[in-house]
$ cat input-v3.cif   # mmCIF, N, CA and C atoms
data_coords
#
loop_
_atom_site.label_atom_id
_atom_site.label_comp_id
_atom_site.auth_asym_id
_atom_site.auth_seq_id
_atom_site.Cartn_x
_atom_site.Cartn_y
_atom_site.Cartn_z
N MET Y 29 0.84 -1.19 0.00
CA MET Y 29 0.00 0.00 0.00
C MET Y 29 0.88 1.24 0.00
N SER Y 30 0.63 2.13 -0.90
CA SER Y 30 1.42 3.36 -0.95
C SER Y 30 0.63 4.50 -0.31
N THR Y 31 1.36 5.44 0.20
CA THR Y 31 0.74 6.61 0.83
C THR Y 31 1.35 7.87 0.26
N VAL Y 32 0.64 8.93 0.39
CA VAL Y 32 1.13 10.24 -0.04
C VAL Y 32 2.11 10.76 1.00
N VAL Y 33 3.20 11.33 0.54
CA VAL Y 33 4.14 11.99 1.43
C VAL Y 33 3.89 13.49 1.31
N GLU Y 34 3.57 14.11 2.44
CA GLU Y 34 3.41 15.56 2.48
C GLU Y 34 4.26 16.08 3.64
N GLU Y 35 5.20 16.93 3.32
CA GLU Y 35 6.05 17.55 4.33
C GLU Y 35 6.12 19.04 4.04
N HIS Y 36 6.59 19.77 5.00
CA HIS Y 36 6.77 21.21 4.82
C HIS Y 36 8.21 21.57 5.12
N ALA Y 37 8.72 22.51 4.35
CA ALA Y 37 10.09 22.98 4.55
C ALA Y 37 10.10 24.50 4.48
N TRP Y 38 10.91 25.08 5.32
CA TRP Y 38 11.09 26.53 5.25
C TRP Y 38 12.07 26.84 4.13
N ALA Y 39 11.76 27.87 3.38
CA ALA Y 39 12.61 28.28 2.27
C ALA Y 39 12.74 29.79 2.28
N ARG Y 40 13.75 30.25 1.58
CA ARG Y 40 13.96 31.69 1.44
C ARG Y 40 13.94 32.03 -0.03
N ILE Y 41 13.03 32.91 -0.40
CA ILE Y 41 12.98 33.38 -1.77
C ILE Y 41 14.06 34.44 -1.91
N VAL Y 42 15.00 34.20 -2.81
CA VAL Y 42 16.16 35.08 -2.96
C VAL Y 42 15.78 36.25 -3.86
N THR Y 43 15.93 37.45 -3.31
CA THR Y 43 15.67 38.68 -4.07
C THR Y 43 16.75 39.69 -3.73
N ASP Y 44 16.68 40.84 -4.36
CA ASP Y 44 17.65 41.88 -4.03
C ASP Y 44 17.14 42.80 -2.92
N ALA Y 45 16.00 42.45 -2.33
CA ALA Y 45 15.45 43.24 -1.22
C ALA Y 45 16.35 43.08 0.01
N PRO Y 46 16.46 44.13 0.81
CA PRO Y 46 17.33 44.06 1.98
C PRO Y 46 16.83 43.10 3.07
N GLN Y 47 15.53 42.87 3.13
CA GLN Y 47 14.99 41.98 4.14
C GLN Y 47 14.21 40.87 3.45
N HIS Y 48 14.19 39.74 4.07
CA HIS Y 48 13.42 38.63 3.53
C HIS Y 48 12.79 37.86 4.68
N ARG Y 49 11.71 37.21 4.37
CA ARG Y 49 11.07 36.35 5.36
C ARG Y 49 11.02 34.94 4.79
N PRO Y 50 11.20 33.96 5.64
CA PRO Y 50 11.08 32.59 5.14
C PRO Y 50 9.63 32.28 4.78
N VAL Y 51 9.47 31.41 3.81
CA VAL Y 51 8.14 30.94 3.42
C VAL Y 51 8.09 29.43 3.65
N ARG Y 52 6.92 28.95 3.95
CA ARG Y 52 6.74 27.53 4.19
C ARG Y 52 6.23 26.88 2.90
N VAL Y 53 6.99 25.93 2.40
CA VAL Y 53 6.67 25.28 1.13
C VAL Y 53 6.21 23.85 1.42
N ALA Y 54 5.10 23.46 0.82
CA ALA Y 54 4.61 22.08 0.95
C ALA Y 54 5.30 21.23 -0.10
N LEU Y 55 5.88 20.13 0.35
CA LEU Y 55 6.56 19.19 -0.53
C LEU Y 55 5.67 17.95 -0.63
N TRP Y 56 5.34 17.54 -1.83
CA TRP Y 56 4.38 16.44 -2.05
C TRP Y 56 4.98 15.35 -2.91
N TYR Y 57 4.59 14.14 -2.60
CA TYR Y 57 4.90 13.00 -3.44
C TYR Y 57 3.70 12.07 -3.41
N GLU Y 58 3.18 11.73 -4.59
CA GLU Y 58 2.02 10.85 -4.70
C GLU Y 58 2.40 9.66 -5.57
N PRO Y 59 2.83 8.56 -4.95
CA PRO Y 59 3.37 7.44 -5.73
C PRO Y 59 2.37 6.76 -6.66
N THR Y 60 1.09 6.82 -6.36
CA THR Y 60 0.13 6.17 -7.25
C THR Y 60 -0.19 7.03 -8.46
N ASP Y 61 -0.18 8.35 -8.31
CA ASP Y 61 -0.50 9.25 -9.42
C ASP Y 61 0.72 9.63 -10.26
N ALA Y 62 1.82 9.89 -9.60
CA ALA Y 62 3.02 10.36 -10.30
C ALA Y 62 4.27 9.82 -9.60
N PRO Y 63 4.59 8.55 -9.81
CA PRO Y 63 5.68 7.93 -9.06
C PRO Y 63 7.07 8.48 -9.34
N LYS Y 64 7.23 9.24 -10.40
CA LYS Y 64 8.56 9.78 -10.72
C LYS Y 64 8.65 11.28 -10.51
N SER Y 65 7.61 11.88 -9.91
CA SER Y 65 7.57 13.34 -9.76
C SER Y 65 7.35 13.76 -8.32
N VAL Y 66 7.81 14.96 -8.02
CA VAL Y 66 7.52 15.62 -6.75
C VAL Y 66 6.84 16.95 -7.07
N ARG Y 67 6.14 17.47 -6.07
CA ARG Y 67 5.44 18.74 -6.27
C ARG Y 67 5.76 19.67 -5.12
N PHE Y 68 6.08 20.90 -5.43
CA PHE Y 68 6.31 21.95 -4.43
C PHE Y 68 5.16 22.95 -4.56
N THR Y 69 4.51 23.25 -3.45
CA THR Y 69 3.40 24.21 -3.44
C THR Y 69 3.78 25.37 -2.53
N PHE Y 70 3.70 26.57 -3.06
CA PHE Y 70 4.07 27.77 -2.32
C PHE Y 70 2.85 28.41 -1.68
N PRO Y 71 3.05 29.27 -0.68
CA PRO Y 71 1.92 29.86 0.05
C PRO Y 71 0.91 30.58 -0.84
N ASP Y 72 1.35 31.11 -1.98
CA ASP Y 72 0.41 31.80 -2.87
C ASP Y 72 -0.39 30.84 -3.74
N GLY Y 73 -0.16 29.52 -3.56
CA GLY Y 73 -0.91 28.52 -4.32
C GLY Y 73 -0.21 28.06 -5.58
N ARG Y 74 0.88 28.69 -5.94
CA ARG Y 74 1.62 28.28 -7.13
C ARG Y 74 2.27 26.92 -6.90
N GLU Y 75 2.14 26.04 -7.87
CA GLU Y 75 2.68 24.69 -7.75
C GLU Y 75 3.66 24.40 -8.88
N TRP Y 76 4.67 23.62 -8.55
CA TRP Y 76 5.64 23.16 -9.53
C TRP Y 76 5.78 21.65 -9.37
N THR Y 77 5.61 20.93 -10.45
CA THR Y 77 5.83 19.49 -10.44
C THR Y 77 7.01 19.21 -11.35
N PHE Y 78 7.94 18.42 -10.85
CA PHE Y 78 9.14 18.11 -11.63
C PHE Y 78 9.69 16.76 -11.20
N PRO Y 79 10.60 16.18 -11.98
CA PRO Y 79 11.10 14.84 -11.68
C PRO Y 79 11.80 14.75 -10.32
N ARG Y 80 11.47 13.73 -9.59
CA ARG Y 80 12.11 13.49 -8.29
C ARG Y 80 13.61 13.31 -8.48
N GLU Y 81 14.00 12.67 -9.57
CA GLU Y 81 15.42 12.45 -9.87
C GLU Y 81 16.17 13.78 -10.01
N LEU Y 82 15.53 14.80 -10.54
CA LEU Y 82 16.14 16.12 -10.68
C LEU Y 82 16.48 16.70 -9.31
N LEU Y 83 15.57 16.57 -8.38
CA LEU Y 83 15.82 17.06 -7.02
C LEU Y 83 16.96 16.30 -6.38
N GLU Y 84 16.96 14.98 -6.54
CA GLU Y 84 18.01 14.17 -5.94
C GLU Y 84 19.39 14.51 -6.51
N LYS Y 85 19.51 14.60 -7.81
CA LYS Y 85 20.80 14.93 -8.43
C LYS Y 85 21.24 16.34 -8.08
N GLY Y 86 20.28 17.26 -8.02
CA GLY Y 86 20.59 18.65 -7.74
C GLY Y 86 21.14 18.91 -6.35
N LEU Y 87 20.95 17.95 -5.44
CA LEU Y 87 21.55 18.09 -4.10
C LEU Y 87 23.06 17.92 -4.16
N ARG Y 88 23.56 17.28 -5.24
CA ARG Y 88 24.99 17.01 -5.37
C ARG Y 88 25.68 17.85 -6.43
N VAL Y 89 25.02 18.06 -7.56
CA VAL Y 89 25.61 18.79 -8.68
C VAL Y 89 24.53 19.63 -9.35
N PRO Y 90 24.92 20.72 -10.02
CA PRO Y 90 23.92 21.53 -10.73
C PRO Y 90 23.27 20.71 -11.85
N VAL Y 91 21.95 20.82 -11.94
CA VAL Y 91 21.21 20.09 -12.97
C VAL Y 91 19.96 20.89 -13.34
N ARG Y 92 19.60 20.82 -14.61
CA ARG Y 92 18.40 21.53 -15.07
C ARG Y 92 17.63 20.63 -16.03
N ARG Y 93 16.33 20.68 -15.88
CA ARG Y 93 15.45 19.99 -16.82
C ARG Y 93 14.24 20.88 -17.01
N GLY Y 94 14.01 21.29 -18.24
CA GLY Y 94 12.87 22.15 -18.52
C GLY Y 94 12.97 23.47 -17.79
N ASP Y 95 11.94 23.80 -17.03
CA ASP Y 95 11.88 25.10 -16.36
C ASP Y 95 12.32 25.05 -14.90
N VAL Y 96 12.97 23.95 -14.48
CA VAL Y 96 13.43 23.82 -13.10
C VAL Y 96 14.93 23.52 -13.09
N GLU Y 97 15.65 24.24 -12.25
CA GLU Y 97 17.09 24.03 -12.08
C GLU Y 97 17.37 23.87 -10.58
N VAL Y 98 18.23 22.92 -10.23
CA VAL Y 98 18.55 22.65 -8.83
C VAL Y 98 20.06 22.54 -8.71
N TRP Y 99 20.61 23.16 -7.64
CA TRP Y 99 22.04 23.01 -7.41
C TRP Y 99 22.38 23.20 -5.94
N PRO Y 100 23.48 22.56 -5.50
CA PRO Y 100 23.92 22.75 -4.12
C PRO Y 100 24.51 24.15 -3.97
N CYS Y 101 24.29 24.73 -2.82
CA CYS Y 101 24.80 26.08 -2.53
C CYS Y 101 25.54 25.99 -1.20
N GLY Y 102 26.84 25.81 -1.27
CA GLY Y 102 27.60 25.60 -0.05
C GLY Y 102 27.38 24.19 0.48
N ARG Y 103 27.63 24.02 1.76
CA ARG Y 103 27.55 22.69 2.34
C ARG Y 103 26.16 22.31 2.85
N VAL Y 104 25.32 23.30 3.14
CA VAL Y 104 24.05 22.98 3.80
C VAL Y 104 22.80 23.54 3.11
N GLN Y 105 22.98 24.20 1.99
CA GLN Y 105 21.84 24.80 1.29
C GLN Y 105 21.72 24.22 -0.12
N THR Y 106 20.49 24.24 -0.62
CA THR Y 106 20.21 23.84 -2.00
C THR Y 106 19.31 24.92 -2.60
N VAL Y 107 19.61 25.29 -3.83
CA VAL Y 107 18.81 26.30 -4.53
C VAL Y 107 17.98 25.60 -5.59
N VAL Y 108 16.71 26.00 -5.65
CA VAL Y 108 15.80 25.53 -6.69
C VAL Y 108 15.33 26.77 -7.44
N GLU Y 109 15.54 26.76 -8.75
CA GLU Y 109 15.18 27.90 -9.58
C GLU Y 109 14.02 27.49 -10.47
N PHE Y 110 12.97 28.30 -10.48
CA PHE Y 110 11.78 28.03 -11.29
C PHE Y 110 11.68 29.10 -12.37
N HIS Y 111 11.69 28.69 -13.61
CA HIS Y 111 11.67 29.62 -14.74
C HIS Y 111 10.27 29.69 -15.34
N THR Y 112 9.80 30.91 -15.60
CA THR Y 112 8.52 31.11 -16.28
C THR Y 112 8.71 32.20 -17.33
N SER Y 113 7.69 32.43 -18.10
CA SER Y 113 7.75 33.52 -19.09
C SER Y 113 7.78 34.88 -18.38
N ASP Y 114 7.34 34.93 -17.12
CA ASP Y 114 7.35 36.18 -16.35
C ASP Y 114 8.68 36.45 -15.67
N GLY Y 115 9.55 35.45 -15.57
CA GLY Y 115 10.82 35.63 -14.89
C GLY Y 115 11.27 34.36 -14.21
N VAL Y 116 12.15 34.55 -13.22
CA VAL Y 116 12.74 33.42 -12.50
C VAL Y 116 12.54 33.61 -11.01
N ALA Y 117 12.13 32.55 -10.34
CA ALA Y 117 12.04 32.55 -8.87
C ALA Y 117 13.19 31.68 -8.36
N VAL Y 118 14.02 32.26 -7.50
CA VAL Y 118 15.15 31.55 -6.91
C VAL Y 118 14.82 31.30 -5.45
N VAL Y 119 14.80 30.01 -5.07
CA VAL Y 119 14.37 29.63 -3.73
C VAL Y 119 15.46 28.78 -3.08
N GLN Y 120 15.83 29.14 -1.86
CA GLN Y 120 16.90 28.44 -1.15
C GLN Y 120 16.32 27.62 0.01
N PHE Y 121 16.71 26.35 0.09
CA PHE Y 121 16.25 25.42 1.12
C PHE Y 121 17.44 24.89 1.91
N ASP Y 122 17.18 24.44 3.13
CA ASP Y 122 18.17 23.64 3.84
C ASP Y 122 18.20 22.28 3.16
N SER Y 123 19.37 21.84 2.80
CA SER Y 123 19.51 20.56 2.10
C SER Y 123 18.97 19.40 2.92
N LYS Y 124 19.14 19.45 4.23
CA LYS Y 124 18.66 18.35 5.08
C LYS Y 124 17.17 18.14 4.95
N ALA Y 125 16.40 19.20 4.84
CA ALA Y 125 14.94 19.08 4.70
C ALA Y 125 14.59 18.38 3.39
N LEU Y 126 15.30 18.73 2.32
CA LEU Y 126 15.03 18.10 1.03
C LEU Y 126 15.48 16.64 1.03
N MET Y 127 16.61 16.35 1.66
CA MET Y 127 17.08 14.96 1.74
C MET Y 127 16.12 14.10 2.55
N ARG Y 128 15.61 14.64 3.65
CA ARG Y 128 14.64 13.91 4.48
C ARG Y 128 13.37 13.61 3.67
N PHE Y 129 12.89 14.61 2.95
CA PHE Y 129 11.72 14.43 2.11
C PHE Y 129 11.96 13.33 1.07
N LEU Y 130 13.11 13.36 0.40
CA LEU Y 130 13.42 12.33 -0.59
C LEU Y 130 13.47 10.94 0.03
N ARG Y 131 14.08 10.83 1.20
CA ARG Y 131 14.13 9.52 1.88
C ARG Y 131 12.72 8.99 2.12
N HIS Y 132 11.83 9.86 2.54
CA HIS Y 132 10.46 9.44 2.80
C HIS Y 132 9.74 9.03 1.51
N THR Y 133 10.04 9.73 0.41
CA THR Y 133 9.40 9.34 -0.86
C THR Y 133 9.87 7.97 -1.30
N TYR Y 134 11.14 7.68 -1.12
CA TYR Y 134 11.65 6.37 -1.52
C TYR Y 134 11.14 5.27 -0.59
N ALA Y 135 10.92 5.61 0.65
CA ALA Y 135 10.41 4.61 1.61
C ALA Y 135 8.98 4.17 1.23
N VAL Y 136 8.14 5.10 0.84
CA VAL Y 136 6.77 4.71 0.49
C VAL Y 136 6.68 4.11 -0.90
N ALA Y 137 7.65 4.38 -1.75
CA ALA Y 137 7.64 3.85 -3.10
C ALA Y 137 8.32 2.49 -3.18
N ALA Y 138 9.02 2.09 -2.12
CA ALA Y 138 9.73 0.81 -2.14
C ALA Y 138 8.75 -0.35 -2.24
N PRO Y 139 9.09 -1.35 -3.02
CA PRO Y 139 8.19 -2.51 -3.11
C PRO Y 139 8.11 -3.25 -1.80
N ALA Y 140 6.95 -3.82 -1.54
CA ALA Y 140 6.75 -4.59 -0.30
C ALA Y 140 7.63 -5.84 -0.33
N PRO Y 141 8.19 -6.22 0.81
CA PRO Y 141 9.03 -7.42 0.84
C PRO Y 141 8.23 -8.66 0.48
N GLN Y 142 8.83 -9.54 -0.28
CA GLN Y 142 8.20 -10.79 -0.68
C GLN Y 142 8.41 -11.81 0.44
N GLY Y 143 7.44 -12.56 0.78
CA GLY Y 143 7.66 -13.51 1.84
C GLY Y 143 6.66 -14.54 1.97
#

$ encode --input "input-v3.cif" --output "structure tokens"
Amino acid sequence: MSTVVEEHAWARIVTDAPQHRPVRVALWYEPTDAPKSVRFTFPDGREWTFPRELLEKGLRVPVRRGDVEVWPCGRVQTVVEFHTSDGVAVVQFDSKALMRFLRHTYAVAAPAPQG
């Protein structure tokens, strides 16, 4: 039986403004509907769905697929860039939160032991 993984992570939207506030982003994985994708939902309701593999690789090396780019930023941060016709949103996460989320997605997607 598979279950939906829903977690929340604090992120910082990178801008040139002198002050910023963290935003809470919902991280989703639905193995029955989209077993190879993850979804990030922002407080304004905007959603991005992209390959789970892209997020995993982006924790180690810069990678881009379509309108999403992910790369490590220092030792403890990961940047996710979302490209649209209106511009680019640059969002910085603690890498540990994204790694924990990925571990949980793989745990629910793992096949049941045969016995």

$ resolve_selection --input "input-v3.cif" --expression "the PyMOL selection byres (((chain Y and resi 44-57 and name CA) around 6) and name CA)" --output "number ranges by chain"
Y: 32-40, 43, 58, 66-70

$ write_last_selection --input "input-v3.cif" --atoms "N, CA and C atoms" --output "PDB file, in the coordinates of the input"
ATOM      1  N   VAL Y  32       0.640   8.930   0.390  1.00  0.00           N
ATOM      2  CA  VAL Y  32       1.130  10.240  -0.040  1.00  0.00           C
ATOM      3  C   VAL Y  32       2.110  10.760   1.000  1.00  0.00           C
ATOM      4  N   VAL Y  33       3.200  11.330   0.540  1.00  0.00           N
ATOM      5  CA  VAL Y  33       4.140  11.990   1.430  1.00  0.00           C
ATOM      6  C   VAL Y  33       3.890  13.490   1.310  1.00  0.00           C
ATOM      7  N   GLU Y  34       3.570  14.110   2.440  1.00  0.00           N
ATOM      8  CA  GLU Y  34       3.410  15.560   2.480  1.00  0.00           C
ATOM      9  C   GLU Y  34       4.260  16.080   3.640  1.00  0.00           C
ATOM     10  N   GLU Y  35       5.200  16.930   3.320  1.00  0.00           N
ATOM     11  CA  GLU Y  35       6.050  17.550   4.330  1.00  0.00           C
ATOM     12  C   GLU Y  35       6.120  19.040   4.040  1.00  0.00           C
ATOM     13  N   HIS Y  36       6.590  19.770   5.000  1.00  0.00           N
ATOM     14  CA  HIS Y  36       6.770  21.210   4.820  1.00  0.00           C
ATOM     15  C   HIS Y  36       8.210  21.570   5.120  1.00  0.00           C
ATOM     16  N   ALA Y  37       8.720  22.510   4.350  1.00  0.00           N
ATOM     17  CA  ALA Y  37      10.090  22.980   4.550  1.00  0.00           C
ATOM     18  C   ALA Y  37      10.100  24.500   4.480  1.00  0.00           C
ATOM     19  N   TRP Y  38      10.910  25.080   5.320  1.00  0.00           N
ATOM     20  CA  TRP Y  38      11.090  26.530   5.250  1.00  0.00           C
ATOM     21  C   TRP Y  38      12.070  26.840   4.130  1.00  0.00           C
ATOM     22  N   ALA Y  39      11.760  27.870   3.380  1.00  0.00           N
ATOM     23  CA  ALA Y  39      12.610  28.280   2.270  1.00  0.00           C
ATOM     24  C   ALA Y  39      12.740  29.790   2.280  1.00  0.00           C
ATOM     25  N   ARG Y  40      13.750  30.250   1.580  1.00  0.00           N
ATOM     26  CA  ARG Y  40      13.960  31.690   1.440  1.00  0.00           C
ATOM     27  C   ARG Y  40      13.940  32.030  -0.030  1.00  0.00           C
ATOM     28  N   THR Y  43      15.930  37.450  -3.310  1.00  0.00           N
ATOM     29  CA  THR Y  43      15.670  38.680  -4.070  1.00  0.00           C
ATOM     30  C   THR Y  43      16.750  39.690  -3.730  1.00  0.00           C
ATOM     31  N   GLU Y  58       3.180  11.730  -4.590  1.00  0.00           N
ATOM     32  CA  GLU Y  58       2.020  10.850  -4.700  1.00  0.00           C
ATOM     33  C   GLU Y  58       2.400   9.660  -5.570  1.00  0.00           C
ATOM     34  N   VAL Y  66       7.810  14.960  -8.020  1.00  0.00           N
ATOM     35  CA  VAL Y  66       7.520  15.620  -6.750  1.00  0.00           C
ATOM     36  C   VAL Y  66       6.840  16.950  -7.070  1.00  0.00           C
ATOM     37  N   ARG Y  67       6.140  17.470  -6.070  1.00  0.00           N
ATOM     38  CA  ARG Y  67       5.440  18.740  -6.270  1.00  0.00           C
ATOM     39  C   ARG Y  67       5.760  19.670  -5.120  1.00  0.00           C
ATOM     40  N   PHE Y  68       6.080  20.900  -5.430  1.00  0.00           N
ATOM     41  CA  PHE Y  68       6.310  21.950  -4.430  1.00  0.00           C
ATOM     42  C   PHE Y  68       5.160  22.950  -4.560  1.00  0.00           C
ATOM     43  N   THR Y  69       4.510  23.250  -3.450  1.00  0.00           N
ATOM     44  CA  THR Y  69       3.400  24.210  -3.440  1.00  0.00           C
ATOM     45  C   THR Y  69       3.780  25.370  -2.530  1.00  0.00           C
ATOM     46  N   PHE Y  70       3.700  26.570  -3.060  1.00  0.00           N
ATOM     47  CA  PHE Y  70       4.070  27.770  -2.320  1.00  0.00           C
ATOM     48  C   PHE Y  70       2.850  28.410  -1.680  1.00  0.00           C
TER      49      PHE Y  70
END

$ resolve_selection --input "input-v3.cif" --expression "the PyMOL selection byres ((chain Y and resi 96) around 7)" --output "list in words"
Val91, Arg92, Arg93, Gly94, Asp95, Glu97, Val98, Val108, Glu109, Phe110 and His111 of chain Y

$ write_last_selection --input "input-v3.cif" --atoms "N, CA and C atoms" --output "mmCIF file, in the coordinates of the input"
data_model
loop_
_atom_site.group_PDB
_atom_site.id
_atom_site.type_symbol
_atom_site.label_atom_id
_atom_site.label_comp_id
_atom_site.auth_asym_id
_atom_site.auth_seq_id
_atom_site.Cartn_x
_atom_site.Cartn_y
_atom_site.Cartn_z
ATOM 1 N N VAL Y 91 21.950 20.820 -11.940
ATOM 2 C CA VAL Y 91 21.210 20.090 -12.970
ATOM 3 C C VAL Y 91 19.960 20.890 -13.340
ATOM 4 N N ARG Y 92 19.600 20.820 -14.610
ATOM 5 C CA ARG Y 92 18.400 21.530 -15.070
ATOM 6 C C ARG Y 92 17.630 20.630 -16.030
ATOM 7 N N ARG Y 93 16.330 20.680 -15.880
ATOM 8 C CA ARG Y 93 15.450 19.990 -16.820
ATOM 9 C C ARG Y 93 14.240 20.880 -17.010
ATOM 10 N N GLY Y 94 14.010 21.290 -18.240
ATOM 11 C CA GLY Y 94 12.870 22.150 -18.520
ATOM 12 C C GLY Y 94 12.970 23.470 -17.790
ATOM 13 N N ASP Y 95 11.940 23.800 -17.030
ATOM 14 C CA ASP Y 95 11.880 25.100 -16.360
ATOM 15 C C ASP Y 95 12.320 25.050 -14.900
ATOM 16 N N GLU Y 97 15.650 24.240 -12.250
ATOM 17 C CA GLU Y 97 17.090 24.030 -12.080
ATOM 18 C C GLU Y 97 17.370 23.870 -10.580
ATOM 19 N N VAL Y 98 18.230 22.920 -10.230
ATOM 20 C CA VAL Y 98 18.550 22.650 -8.830
ATOM 21 C C VAL Y 98 20.060 22.540 -8.710
ATOM 22 N N VAL Y 108 16.710 26.000 -5.650
ATOM 23 C CA VAL Y 108 15.800 25.530 -6.690
ATOM 24 C C VAL Y 108 15.330 26.770 -7.440
ATOM 25 N N GLU Y 109 15.540 26.760 -8.750
ATOM 26 C CA GLU Y 109 15.180 27.900 -9.580
ATOM 27 C C GLU Y 109 14.020 27.490 -10.470
ATOM 28 N N PHE Y 110 12.970 28.300 -10.480
ATOM 29 C CA PHE Y 110 11.780 28.030 -11.290
ATOM 30 C C PHE Y 110 11.680 29.100 -12.370
ATOM 31 N N HIS Y 111 11.690 28.690 -13.610
ATOM 32 C CA HIS Y 111 11.670 29.620 -14.740
ATOM 33 C C HIS Y 111 10.270 29.690 -15.340
#

$ closest_residue --input "input-v3.cif" --among "Y:Ile41, Y:Leu83, Y:Thr112, Y:Ser65" --to "Leu126 in chain Y" --atoms "all atoms listed in the file"
Y:Leu83

$ closest_residue --input "input-v3.cif" --among "Y:Ala117, Y:Arg80, Y:Asp61, Y:Gly73" --to "Phe129 in chain Y" --atoms "only C-alpha atoms"
Y:Arg80

$ select_by_dssp --input "input-v3.cif" --residues "chain Y" --states "strand (DSSP E)" --output "VMD selection string"
chain Y and resid 33 to 42 50 to 57 65 to 69 75 to 79 91 to 93 96 to 101 105 to 112 115 to 122

$ resolve_selection --input "input-v3.cif" --expression "the PyMOL selection byres ((chain Y and resi 123) around 7)" --output "ChimeraX atom specification"
/Y:87,103-106,121-122,124-128

$ atom_distance --input "input-v3.cif" --atom1 "atom C of Phe78 in chain Y" --atom2 "CA of Ala62 in chain Y"
9.3 Å

$ select_by_dssp --input "input-v3.cif" --residues "chain Y" --states "helix (DSSP H, G or I)" --output "ChimeraX atom specification"
/Y:80-86,123-137

$ axis_aligned_box --input "input-v3.cif" --around "range 87-97 of chain Y" --padding-each-side "4 Å" --output "AutoDock Vina command-line options"
--center_x 18.8 --center_y 21.1 --center_z -11.3 --size_x 21.8 --size_y 16.1 --size_z 22.4

$ atom_distance --input "input-v3.cif" --atom1 "CA of Gly86 in chain Y" --atom2 "CA of Pro100 in chain Y"
6.4 Å

$ atom_distance --input "input-v3.cif" --atom1 "CA of Ala137 in chain Y" --atom2 "atom N of Glu81 in chain Y"
12.7 Å
